Amino acid sequence: MQLSEQPGGRRAAPGPGGFDPEVVRKDFPVFEHPVHEDKRLVYLDSAATAQKPRAVIERVVRFYETENANAHRGIYELGERATKAYEDARETCARFVNAATPRSIVFTRGTTESINLVRYAWGRANVHEGDEILVTEMEHHSNLVPWQMLCGETGATLRHLPIDERGLLRTDLLDGLVTERTRLVCVSHMSNVLGTINPVREVADAAHAVGALVLVDAAQSAPHLGVDVAALDCDFLAFSAHKLCGPTGAGVLYGRESVLEDMPPFHGGGEMIREVWSDRATYNEIPYRFEAGTMNIAQVVGMAAAIDYITALGLDAIRAHERELTAYALDAVASTGAEIYGPPTAEQRGGVVAFNLPEVHPHDLATIVDEDGVCIRAGHHCAQPLMRRLGVPATARASMYLYNTRDDVDALVASLEQAKGWFS
Amino acid sequence: MQLSEQPGGRRAAPGPGGFDPEVVRKDFPVFEHPVHEDKRLVYLDSAATAQKPRAVIERVVRFYETENANAHRGIYELGERATKAYEDARETCARFVNAATPRSIVFTRGTTESINLVRYAWGRANVHEGDEILVTEMEHHSNLVPWQMLCGETGATLRHLPIDERGLLRTDLLDGLVTERTRLVCVSHMSNVLGTINPVREVADAAHAVGALVLVDAAQSAPHLGVDVAALDCDFLAFSAHKLCGPTGAGVLYGRESVLEDMPPFHGGGEMIREVWSDRATYNEIPYRFEAGTMNIAQVVGMAAAIDYITALGLDAIRAHERELTAYALDAVASTGAEIYGPPTAEQRGGVVAFNLPEVHPHDLATIVDEDGVCIRAGHHCAQPLMRRLGVPATARASMYLYNTRDDVDALVASLEQAKGWFS
Amino acid sequence: MSLEDLYKEVILDHYRSPRNKGRLDPHDVRLERNNPLCGDEIELFLRFDGDDLEAIAFEGKGCSISQASASMMTEKVAGLPAKQARAIAESIKAMMAGEEDGDPDVLGDLVSLKGVVKYPVRIKCALLGWNTLLEGLEEAGRA
Amino acid sequence: MSLEDLYKEVILDHYRSPRNKGRLDPHDVRLERNNPLCGDEIELFLRFDGDDLEAIAFEGKGCSISQASASMMTEKVAGLPAKQARAIAESIKAMMAGEEDGDPDVLGDLVSLKGVVKYPVRIKCALLGWNTLLEGLEEAGRA
Ligand SMILES: Cc1ncc(COP(=O)(O)O)c(C=O)c1O
Ligand SMILES: Cc1ncc(COP(=O)(O)O)c(C=O)c1O
């Protein structure tokens, strides 16, 4: 599905399926409030966190007002409602990632906790001295630092799959880097800096050929591309609710059923146990074995509402809109003289545009455009090794989502031009 | 502060400070909705999770509608608001537990995660073969299973401080059980089954005398008694927002500043780092070193609103109300012929009454009283070793909070009498 | 059926006077199973005569629904061909999952257990004995 | 002061033509500090003559506010008694924390840095040089 471009027009017509970002925008209360007293909010930092539609906020409120109880514990009606809402959310998540069973869905605080859960529970049992873990050169710190730590603890070796000049993975080097010693290959589905969409299946096939597992960081792809664990053939996949219009404080670890079955627990506490004696315990079945204590029930329920919201709009339509807007933004930002990082075309990337204006430090830039109500990110984007690879200390980054329009991009460009003026 | 008892009256007069549970109850939207079509909700399971006042729900909504952005990352105004709300919450929590500095406050998902954080980050660095960890016989699984796991991994030994027949800690045995080999003593401030309020300071003094640290499980005490880390002289203290009228998915680990300073990180990821290279990283200062990735920002902000709510009502007034109601409930439940577990007087315990009716299994009881809209808990209450100590497979449990009234207790007792009737 | 009727007409009779309660010796299969969340326990004994479930008995403790359901089960399946016992157990499970209505011709009095469906958390209690039976038949190679 | 004025009147002059930029040899103290969240870097060189800060220079990269503030700092404190340099640094910090208004008699042109207070995330940038100076004075035993 491709949105029609109106030649010369400032705004895309609603795409097939009736996707119209101006209408979508009305679902998000945050846009009703101006910033800096009277400025229209131009929110271009959805790769950091997305705004929340009314449907999600109201779902959380409804939980607290009519279903609030501890899940899996109460015999009374309120407890049943809470348990049902929580387990229904698990089914929603399973469908969303096309998992064969909800038993594969473990709830967490977010991508970072999901990955650290794998590090602690799977990693300590399966990675030993002399083993290797492979990560890509474009990973977010959350999919890099845990593996540094695990290697430090176990004596395993961390290896890196490089990227090329356009910010694409050097999959041609997979053969040499994936070896009999490789236990795990960690790859982000979509880069939060370059926007690159990675050929995860190709990486998974190479890993599986030597018996290694594959962990996919879907923090950026789940909200913007959608994910299909069967098609990706991954063993673990992690994402965060807050980046897909859901509440903060919730996320998912998908794990292949057979892998989770063999995995020791993560946290000790209530609910993850089967029987406890004073000196030992036996543990619950999956996925409960990995969910200790009172979980983030309301947030998980809100996450399911967010998934319902974006899937009702259609991930294809969202992707088509973002592709169209990204193409527009790549041109518009380039027209200011900025250097843009990552793949040249909108087909190869998600709605993330990292750039630098010559002479203007990105922090100065972010402060200056903020005066106009334009929210962009400046910094290393939790990817310092990638910054070194690009040869810059930091970049500015504009990232787009379903509520952004060409007006937003135009506002950014106008602000960039003004900043250039001050510095020239 | 003690509420005046009205002889023969069914309801306590508002206590000094004007505390009136009937008025408080109106702050909680959940009570506006009947259960089982037309039954008044008699919620007696606050030890599992508390209901949420409008002020907390509205605070979370306001965050999503006017402050939502990632904390500590954005240069723009929305990001500043999010960061401020998040860090203000840290100060609120520091004041609430009387911590010397907000640097001592680490945000988590809840008590269980707080305790597991200590197990992983502090425990693995400080507990070795031959060392000992002491827990009490009344601990919740969340303050027991993590230490079983740590002992299993390190070769340390887990020891147990017994309770007496009334459910009080055998502190007379501390001398023999706290030794030069003890590294950590784990004690709940208030039992979620017996209600027992433990002499934490006495335990802490014994531990510190041999150089051991003390971890306090304040899941029950923070909401009902309030906590003062300076007076308790503890090294770690954990509590959950959801039990003190706050959102699910948030909690606190308090750590003594000097202890946290020396503690290695827990999760690897964004925000907890200082500088990252491809093969290694240096870590951020406390408390950020322990907060990896996007945190549960909205929930932490809601937790602060909950703390503001209960402290505005006054923890002394809440405690006085609960003491009065507990005394009433102990008598009323005993009058049905039930056996009650734990200390005999309301002075020695919080508002938790665990009991069994002869001949009626607690699960049957919970199902039967639920028909009348009465929510109680039945089971092992995540304390299986304590159940064995009490010689029962399970108990029923009624637990009270600031919105409960004598009417609630009366409804419970009427329901219990009916159940007795069915079974007799 | 109201909760009161469920208890008074179905559960309490078997809870108070359980049928086939106790050990069965000799036996071909012995199985202990529990319901970890509730603490309900069942110990089930099976003896076969060829493909027939010649005798069945149980020990256990727990809530009235778990124990009464186990008692009703032993009464129903004792003496039946293993295959038929299995079919009944599957029928009960389907009924409790809300997938079937419960055929009175097959289940007889057991249809009254359907009253538990309205209390979702208690379904596991009602099924504890039945699940243990299915495992036992499997273990004996009779299923 | 508007952001435009802050940049045009205060920051950009020093950013484009930084004073005392470069190494200082010989020196008594050399310190490298950075602002991990922004990536701003400062390398500071101090030379003392008794208790006087005889000379000061810096290297660095980062945003204009961090670099301009460091440049303004070197211009202001070069040649002063260490004690007085320290007092100025403390004053700037208090001003940026919103605790003091900033005394023009003490701070002179530096008062204009107050414009950064309105941009809380940038305060760390403005203070990077000053905090490094305080550490340097401490290290030299001159504070
Ligand atoms: C005494 C005690 N400790 C720990 C916990 C665990 O708290 P949470 O489930 O919020 O992690 C609870 C609550 O269930 C509790 O009552
Ligand atoms: C690619 C990528 N991985 C991981 C993360 C971490 O996600 P979270 O902060 O929600 O744990 C992010 C977001 O910051 C990301 O963009």
# chains A, B, ... in the order shown; residues from 1 in each chain; ligands from 1
call {"tool": "select_by_dssp", "arguments": {"residues": "region 60-228 of chain A", "states": "strand (DSSP E)", "output": "short mmCIF file (atom, residue, chain, number, x, y, z; two decimals) with N, CA and C atoms, in the first residue's frame"}}
result
data_model
loop_
_atom_site.label_atom_id
_atom_site.label_comp_id
_atom_site.auth_asym_id
_atom_site.auth_seq_id
_atom_site.Cartn_x
_atom_site.Cartn_y
_atom_site.Cartn_z
N ILE A 105 5.00 -15.67 25.39
CA ILE A 105 5.00 -14.23 25.68
C ILE A 105 5.29 -13.99 27.17
N VAL A 106 6.43 -13.39 27.47
CA VAL A 106 6.79 -13.03 28.84
C VAL A 106 6.68 -11.51 28.95
N PHE A 107 5.97 -11.04 29.97
CA PHE A 107 5.86 -9.59 30.14
C PHE A 107 7.05 -9.05 30.94
N THR A 108 7.52 -7.89 30.52
CA THR A 108 8.66 -7.24 31.17
C THR A 108 8.37 -5.74 31.25
N GLU A 132 31.19 -17.68 21.88
CA GLU A 132 31.15 -16.34 21.28
C GLU A 132 29.72 -15.84 21.16
N ILE A 133 29.58 -14.52 21.32
CA ILE A 133 28.30 -13.85 21.07
C ILE A 133 28.57 -12.82 19.99
N LEU A 134 27.69 -12.78 19.01
CA LEU A 134 27.88 -11.84 17.90
C LEU A 134 26.82 -10.74 17.98
N VAL A 135 27.26 -9.50 17.93
CA VAL A 135 26.32 -8.37 17.88
C VAL A 135 26.66 -7.54 16.64
N THR A 136 25.75 -6.68 16.23
CA THR A 136 26.08 -5.84 15.08
C THR A 136 26.65 -4.51 15.56
N THR A 157 33.53 -14.50 24.31
CA THR A 157 34.09 -13.40 23.51
C THR A 157 32.97 -12.72 22.73
N LEU A 158 33.01 -11.39 22.71
CA LEU A 158 32.02 -10.62 21.98
C LEU A 158 32.59 -10.27 20.61
N ARG A 159 31.85 -10.57 19.56
CA ARG A 159 32.32 -10.22 18.22
C ARG A 159 31.30 -9.30 17.56
N HIS A 160 31.73 -8.59 16.54
CA HIS A 160 30.90 -7.54 15.95
C HIS A 160 30.75 -7.71 14.45
N LEU A 161 29.52 -7.62 14.01
CA LEU A 161 29.23 -7.68 12.58
C LEU A 161 29.20 -6.23 12.07
N THR A 182 29.85 -19.83 18.21
CA THR A 182 28.80 -18.82 18.41
C THR A 182 27.60 -19.44 19.13
N ARG A 183 27.19 -18.82 20.21
CA ARG A 183 26.00 -19.29 20.94
C ARG A 183 24.78 -18.43 20.64
N LEU A 184 25.00 -17.14 20.40
CA LEU A 184 23.88 -16.20 20.26
C LEU A 184 24.27 -15.10 19.29
N VAL A 185 23.33 -14.74 18.44
CA VAL A 185 23.52 -13.60 17.54
C VAL A 185 22.44 -12.57 17.86
N CYS A 186 22.87 -11.35 18.15
CA CYS A 186 21.95 -10.29 18.59
C CYS A 186 21.88 -9.22 17.52
N VAL A 187 20.69 -8.98 17.03
CA VAL A 187 20.56 -8.05 15.91
C VAL A 187 19.30 -7.21 16.08
N SER A 188 19.44 -5.91 15.83
CA SER A 188 18.23 -5.10 15.87
C SER A 188 17.54 -5.18 14.51
N LEU A 213 21.55 -19.39 18.70
CA LEU A 213 20.23 -18.78 18.76
C LEU A 213 20.31 -17.33 18.28
N VAL A 214 19.13 -16.77 18.00
CA VAL A 214 19.06 -15.39 17.49
C VAL A 214 18.13 -14.57 18.35
N LEU A 215 18.62 -13.43 18.82
CA LEU A 215 17.80 -12.49 19.56
C LEU A 215 17.59 -11.25 18.71
N VAL A 216 16.32 -10.87 18.54
CA VAL A 216 15.99 -9.70 17.73
C VAL A 216 15.53 -8.56 18.63
N ASP A 217 16.20 -7.42 18.51
CA ASP A 217 15.76 -6.21 19.19
C ASP A 217 14.74 -5.54 18.27
#
call {"tool": "residues_near_ligand", "arguments": {"ligand": "ligand 1", "cutoff": "9 Å", "atoms": "only C-alpha atoms and all ligand atoms", "output": "ChimeraX atom specification"}}
result
/A:70,269-271,292-295 /B:47-49,109-115,138-143,188-193,217-221,238-243,248-251,381-382
call {"tool": "write_last_selection", "arguments": {"atoms": "N, CA and C atoms", "output": "short mmCIF file (atom, residue, chain, number, x, y, z; two decimals), in the first residue's frame"}}
result
data_model
loop_
_atom_site.label_atom_id
_atom_site.label_comp_id
_atom_site.auth_asym_id
_atom_site.auth_seq_id
_atom_site.Cartn_x
_atom_site.Cartn_y
_atom_site.Cartn_z
N ASN A 70 -5.13 -7.95 42.14
CA ASN A 70 -3.93 -8.66 41.75
C ASN A 70 -4.32 -9.81 40.82
N GLY A 269 10.45 -15.11 43.51
CA GLY A 269 9.39 -14.38 44.21
C GLY A 269 8.05 -15.05 44.04
N GLY A 270 7.00 -14.31 44.32
CA GLY A 270 5.66 -14.84 44.21
C GLY A 270 5.36 -15.21 42.76
N GLU A 271 4.44 -16.15 42.56
CA GLU A 271 3.87 -16.48 41.24
C GLU A 271 4.80 -17.29 40.35
N ALA A 292 7.90 -12.84 38.17
CA ALA A 292 7.91 -12.92 39.63
C ALA A 292 7.25 -11.70 40.25
N GLY A 293 6.47 -11.93 41.29
CA GLY A 293 5.89 -10.80 42.02
C GLY A 293 4.71 -10.20 41.26
N THR A 294 4.16 -9.14 41.83
CA THR A 294 3.05 -8.47 41.18
C THR A 294 3.55 -7.80 39.91
N MET A 295 2.93 -8.13 38.81
CA MET A 295 3.41 -7.61 37.54
C MET A 295 2.79 -6.24 37.27
N ALA B 47 -3.88 -6.09 51.17
CA ALA B 47 -2.51 -6.58 51.35
C ALA B 47 -2.00 -7.16 50.03
N ALA B 48 -2.90 -7.60 49.15
CA ALA B 48 -2.49 -8.07 47.83
C ALA B 48 -2.24 -6.87 46.92
N THR B 49 -3.26 -6.01 46.80
CA THR B 49 -3.05 -4.75 46.08
C THR B 49 -4.11 -3.77 46.54
N ARG B 109 10.22 -2.16 39.38
CA ARG B 109 8.81 -2.51 39.12
C ARG B 109 8.05 -2.74 40.42
N GLY B 110 8.78 -3.11 41.49
CA GLY B 110 8.10 -3.37 42.75
C GLY B 110 9.05 -4.06 43.71
N THR B 111 8.50 -4.48 44.84
CA THR B 111 9.29 -5.11 45.89
C THR B 111 10.11 -6.28 45.36
N THR B 112 9.47 -7.14 44.59
CA THR B 112 10.14 -8.34 44.11
C THR B 112 11.35 -7.98 43.25
N GLU B 113 11.18 -7.03 42.35
CA GLU B 113 12.34 -6.65 41.54
C GLU B 113 13.40 -5.97 42.40
N SER B 114 12.99 -5.16 43.35
CA SER B 114 13.97 -4.49 44.22
C SER B 114 14.86 -5.52 44.91
N ILE B 115 14.23 -6.56 45.44
CA ILE B 115 14.99 -7.57 46.18
C ILE B 115 15.89 -8.36 45.22
N MET B 138 8.99 -16.07 58.48
CA MET B 138 7.70 -15.55 58.01
C MET B 138 7.82 -14.80 56.69
N GLU B 139 8.96 -14.95 55.99
CA GLU B 139 9.13 -14.15 54.78
C GLU B 139 8.20 -14.58 53.66
N HIS B 140 7.81 -13.58 52.89
CA HIS B 140 7.12 -13.76 51.61
C HIS B 140 8.11 -14.42 50.64
N HIS B 141 7.61 -15.22 49.71
CA HIS B 141 8.50 -15.88 48.74
C HIS B 141 9.47 -14.89 48.08
N SER B 142 9.01 -13.65 47.92
CA SER B 142 9.86 -12.66 47.26
C SER B 142 11.09 -12.29 48.08
N ASN B 143 11.05 -12.56 49.36
CA ASN B 143 12.22 -12.27 50.20
C ASN B 143 12.82 -13.59 50.72
N SER B 188 11.14 -8.98 56.90
CA SER B 188 10.01 -8.14 56.52
C SER B 188 9.61 -7.28 57.71
N HIS B 189 9.25 -6.07 57.40
CA HIS B 189 8.87 -5.12 58.44
C HIS B 189 7.50 -5.49 59.01
N MET B 190 6.66 -6.01 58.13
CA MET B 190 5.33 -6.44 58.57
C MET B 190 4.93 -7.64 57.73
N SER B 191 4.47 -8.69 58.41
CA SER B 191 4.11 -9.93 57.71
C SER B 191 2.80 -9.76 56.96
N ASN B 192 2.73 -10.29 55.74
CA ASN B 192 1.50 -10.21 54.96
C ASN B 192 0.51 -11.31 55.33
N VAL B 193 0.89 -12.18 56.25
CA VAL B 193 -0.03 -13.23 56.69
C VAL B 193 -0.43 -13.01 58.15
N ASP B 217 12.05 -5.81 53.86
CA ASP B 217 10.91 -5.92 52.96
C ASP B 217 9.78 -5.08 53.55
N ALA B 218 9.59 -3.91 52.95
CA ALA B 218 8.59 -2.97 53.47
C ALA B 218 7.33 -2.97 52.61
N ALA B 219 7.10 -4.07 51.88
CA ALA B 219 5.91 -4.14 51.00
C ALA B 219 4.64 -3.84 51.79
N GLN B 220 4.54 -4.38 52.99
CA GLN B 220 3.34 -4.15 53.80
C GLN B 220 3.46 -2.93 54.71
N SER B 221 4.66 -2.64 55.17
CA SER B 221 4.77 -1.56 56.16
C SER B 221 4.74 -0.18 55.51
N ALA B 238 12.77 -2.21 50.48
CA ALA B 238 12.02 -2.38 49.23
C ALA B 238 10.53 -2.20 49.47
N PHE B 239 9.87 -1.49 48.54
CA PHE B 239 8.40 -1.47 48.60
C PHE B 239 7.81 -1.30 47.20
N SER B 240 6.49 -1.52 47.12
CA SER B 240 5.76 -1.47 45.85
C SER B 240 4.74 -0.34 45.87
N ALA B 241 4.59 0.34 44.75
CA ALA B 241 3.59 1.40 44.66
C ALA B 241 2.17 0.85 44.74
N HIS B 242 1.93 -0.30 44.12
CA HIS B 242 0.55 -0.77 43.96
C HIS B 242 -0.11 -1.09 45.30
N LYS B 243 0.68 -1.32 46.33
CA LYS B 243 0.09 -1.59 47.63
C LYS B 243 -0.17 -0.33 48.44
N THR B 248 0.22 -0.02 39.37
CA THR B 248 1.01 -1.24 39.24
C THR B 248 2.28 -0.87 38.47
N GLY B 249 3.27 -1.74 38.58
CA GLY B 249 4.46 -1.56 37.75
C GLY B 249 5.47 -0.55 38.26
N ALA B 250 5.40 -0.20 39.55
CA ALA B 250 6.40 0.74 40.10
C ALA B 250 6.74 0.34 41.52
N GLY B 251 7.96 0.63 41.91
CA GLY B 251 8.40 0.36 43.26
C GLY B 251 9.73 1.02 43.51
N HIS B 381 -0.67 -17.37 50.36
CA HIS B 381 -0.23 -15.98 50.45
C HIS B 381 1.26 -15.83 50.16
N CYS B 382 1.76 -16.63 49.21
CA CYS B 382 3.18 -16.57 48.85
C CYS B 382 4.07 -16.76 50.07
#
call {"tool": "closest_atom_pairs", "arguments": {"of": "chain A", "to": "chain C", "cutoff": "12 Å", "atoms": "only C-alpha atoms", "output": "CSV"}}
result
residue,atom,partner,partner_atom,distance
A:Ala71,CA,C:Val121,CA,11.2
A:His72,CA,C:Val121,CA,8.6
A:Arg73,CA,C:Leu37,CA,8.1
A:Gly74,CA,C:Val121,CA,8.3
A:Ile75,CA,C:Val121,CA,6.0
A:Tyr76,CA,C:Val121,CA,8.5
A:Glu77,CA,C:Tyr119,CA,8.7
A:Leu78,CA,C:Val121,CA,11.7
A:Gly79,CA,C:Val121,CA,9.3
A:Glu80,CA,C:Val121,CA,7.3
A:Arg81,CA,C:Pro120,CA,10.4
A:Thr83,CA,C:Val121,CA,9.8
A:Lys84,CA,C:Pro120,CA,10.0
A:Gly270,CA,C:Leu37,CA,10.6
A:Glu271,CA,C:Leu37,CA,8.5
A:Met272,CA,C:Leu37,CA,10.7
A:Ile273,CA,C:Pro36,CA,8.6
A:Arg274,CA,C:Pro36,CA,5.6
A:Glu275,CA,C:Pro36,CA,6.8
A:Val276,CA,C:Pro36,CA,10.0
A:Thr282,CA,C:Pro36,CA,10.4
A:Tyr283,CA,C:Pro36,CA,10.2
A:Asn284,CA,C:Pro36,CA,8.8
A:Glu285,CA,C:Pro36,CA,11.0
call {"tool": "select_by_dssp", "arguments": {"residues": "region 13-124 of chain D", "states": "alpha helix (DSSP H)", "output": "count of residues only"}}
result
42
call {"tool": "closest_residue", "arguments": {"among": "B:Thr179, B:Thr367, B:Asn98, B:Ser399", "to": "chain A", "atoms": "only C-alpha atoms"}}
result
B:Thr367
call {"tool": "residues_around", "arguments": {"residues": "Pro104 (chain C)", "least_positions_apart": "6", "cutoff": "12 Å", "atoms": "only C-alpha atoms", "output": "PDB file with N, CA, C and O atoms, in the first residue's frame"}}
result
ATOM      1  N   ILE C  88     -15.174 -39.983  29.100  1.00  0.00           N
ATOM      2  CA  ILE C  88     -15.912 -39.184  30.083  1.00  0.00           C
ATOM      3  C   ILE C  88     -15.042 -38.042  30.619  1.00  0.00           C
ATOM      4  O   ILE C  88     -15.473 -36.887  30.713  1.00  0.00           O
ATOM      5  N   SER C  91     -14.817 -35.348  28.147  1.00  0.00           N
ATOM      6  CA  SER C  91     -16.089 -34.651  28.080  1.00  0.00           C
ATOM      7  C   SER C  91     -16.219 -33.630  29.212  1.00  0.00           C
ATOM      8  O   SER C  91     -16.683 -32.510  29.007  1.00  0.00           O
ATOM      9  N   ILE C  92     -15.822 -34.061  30.404  1.00  0.00           N
ATOM     10  CA  ILE C  92     -15.870 -33.148  31.553  1.00  0.00           C
ATOM     11  C   ILE C  92     -14.962 -31.943  31.306  1.00  0.00           C
ATOM     12  O   ILE C  92     -15.333 -30.794  31.559  1.00  0.00           O
ATOM     13  N   MET C  95     -16.528 -29.655  28.899  1.00  0.00           N
ATOM     14  CA  MET C  95     -17.650 -28.960  29.518  1.00  0.00           C
ATOM     15  C   MET C  95     -17.134 -27.818  30.403  1.00  0.00           C
ATOM     16  O   MET C  95     -17.665 -26.703  30.367  1.00  0.00           O
ATOM     17  N   LEU C 110     -22.929 -36.113  36.672  1.00  0.00           N
ATOM     18  CA  LEU C 110     -21.743 -35.261  36.585  1.00  0.00           C
ATOM     19  C   LEU C 110     -22.051 -33.939  35.897  1.00  0.00           C
ATOM     20  O   LEU C 110     -21.310 -32.963  36.048  1.00  0.00           O
ATOM     21  N   VAL C 111     -23.117 -33.903  35.134  1.00  0.00           N
ATOM     22  CA  VAL C 111     -23.490 -32.658  34.460  1.00  0.00           C
ATOM     23  C   VAL C 111     -23.646 -31.522  35.465  1.00  0.00           C
ATOM     24  O   VAL C 111     -23.382 -30.355  35.164  1.00  0.00           O
ATOM     25  N   SER C 112     -24.009 -31.885  36.667  1.00  0.00           N
ATOM     26  CA  SER C 112     -24.198 -30.825  37.669  1.00  0.00           C
ATOM     27  C   SER C 112     -22.894 -30.104  38.004  1.00  0.00           C
ATOM     28  O   SER C 112     -22.902 -28.966  38.480  1.00  0.00           O
ATOM     29  N   LEU C 113     -21.748 -30.730  37.710  1.00  0.00           N
ATOM     30  CA  LEU C 113     -20.466 -30.036  37.943  1.00  0.00           C
ATOM     31  C   LEU C 113     -20.345 -28.785  37.079  1.00  0.00           C
ATOM     32  O   LEU C 113     -19.514 -27.914  37.341  1.00  0.00           O
ATOM     33  N   LYS C 114     -21.170 -28.729  36.037  1.00  0.00           N
ATOM     34  CA  LYS C 114     -21.143 -27.550  35.170  1.00  0.00           C
ATOM     35  C   LYS C 114     -21.364 -26.261  35.957  1.00  0.00           C
ATOM     36  O   LYS C 114     -20.944 -25.181  35.536  1.00  0.00           O
TER      37      LYS C 114
END
call {"tool": "residues_around", "arguments": {"residues": "Lys118 (chain D)", "least_positions_apart": "4", "cutoff": "10 Å", "atoms": "only C-alpha atoms", "output": "PyMOL selection string"}}
result
chain D and resi 1-3+96+98+114+122-123
call {"tool": "residues_around", "arguments": {"residues": "region 8-12 of chain C", "least_positions_apart": "4", "cutoff": "6 Å", "atoms": "only C-alpha atoms", "output": "JSON list (two decimals) with N, CA and C atoms, in the first residue's frame"}}
result
[["chain", "number", "residue", "atom", "x", "y", "z"],
["C", 4, "GLU", "N", -25.35, -21.65, 46.24],
["C", 4, "GLU", "CA", -25.87, -22.41, 47.38],
["C", 4, "GLU", "C", -26.33, -23.80, 46.93],
["C", 16, "ARG", "N", -18.54, -34.62, 52.22],
["C", 16, "ARG", "CA", -18.69, -35.17, 53.56],
["C", 16, "ARG", "C", -18.55, -36.69, 53.57],
["C", 68, "ALA", "N", -14.80, -33.34, 46.19],
["C", 68, "ALA", "CA", -16.09, -33.88, 45.77],
["C", 68, "ALA", "C", -16.03, -34.32, 44.32]]
call {"tool": "closest_residue", "arguments": {"among": "A:Thr336, A:Thr326, A:Asn296, A:Asn116", "to": "ligand 2", "atoms": "only C-alpha atoms and all ligand atoms"}}
result
A:Asn116
call {"tool": "residues_around", "arguments": {"residues": "region 126-140 of chain C", "least_positions_apart": "6", "cutoff": "6 Å", "atoms": "only C-alpha atoms", "output": "ChimeraX atom specification"}}
result
/C:65-66,69-70,89
call {"tool": "write_last_selection", "arguments": {"atoms": "N, CA and C atoms", "output": "mmCIF file, in the first residue's frame"}}
result
data_model
loop_
_atom_site.group_PDB
_atom_site.id
_atom_site.type_symbol
_atom_site.label_atom_id
_atom_site.label_comp_id
_atom_site.auth_asym_id
_atom_site.auth_seq_id
_atom_site.Cartn_x
_atom_site.Cartn_y
_atom_site.Cartn_z
ATOM 1 N N ILE C 65 -14.624 -28.592 46.405
ATOM 2 C CA ILE C 65 -14.863 -28.845 44.982
ATOM 3 C C ILE C 65 -13.875 -29.867 44.442
ATOM 4 N N SER C 66 -12.602 -29.750 44.828
ATOM 5 C CA SER C 66 -11.613 -30.698 44.330
ATOM 6 C C SER C 66 -11.896 -32.100 44.861
ATOM 7 N N SER C 69 -15.379 -33.540 43.499
ATOM 8 C CA SER C 69 -15.279 -33.880 42.092
ATOM 9 C C SER C 69 -14.516 -35.192 41.916
ATOM 10 N N ALA C 70 -13.471 -35.386 42.709
ATOM 11 C CA ALA C 70 -12.709 -36.637 42.631
ATOM 12 C C ALA C 70 -13.583 -37.815 43.066
ATOM 13 N N ALA C 89 -13.796 -38.365 30.927
ATOM 14 C CA ALA C 89 -12.890 -37.318 31.440
ATOM 15 C C ALA C 89 -12.723 -36.201 30.417
#
call {"tool": "closest_residue", "arguments": {"among": "A:Asp88, A:Asp331, A:Asp45, A:Asp235", "to": "ligand 2", "atoms": "only C-alpha atoms and all ligand atoms"}}
result
A:Asp45
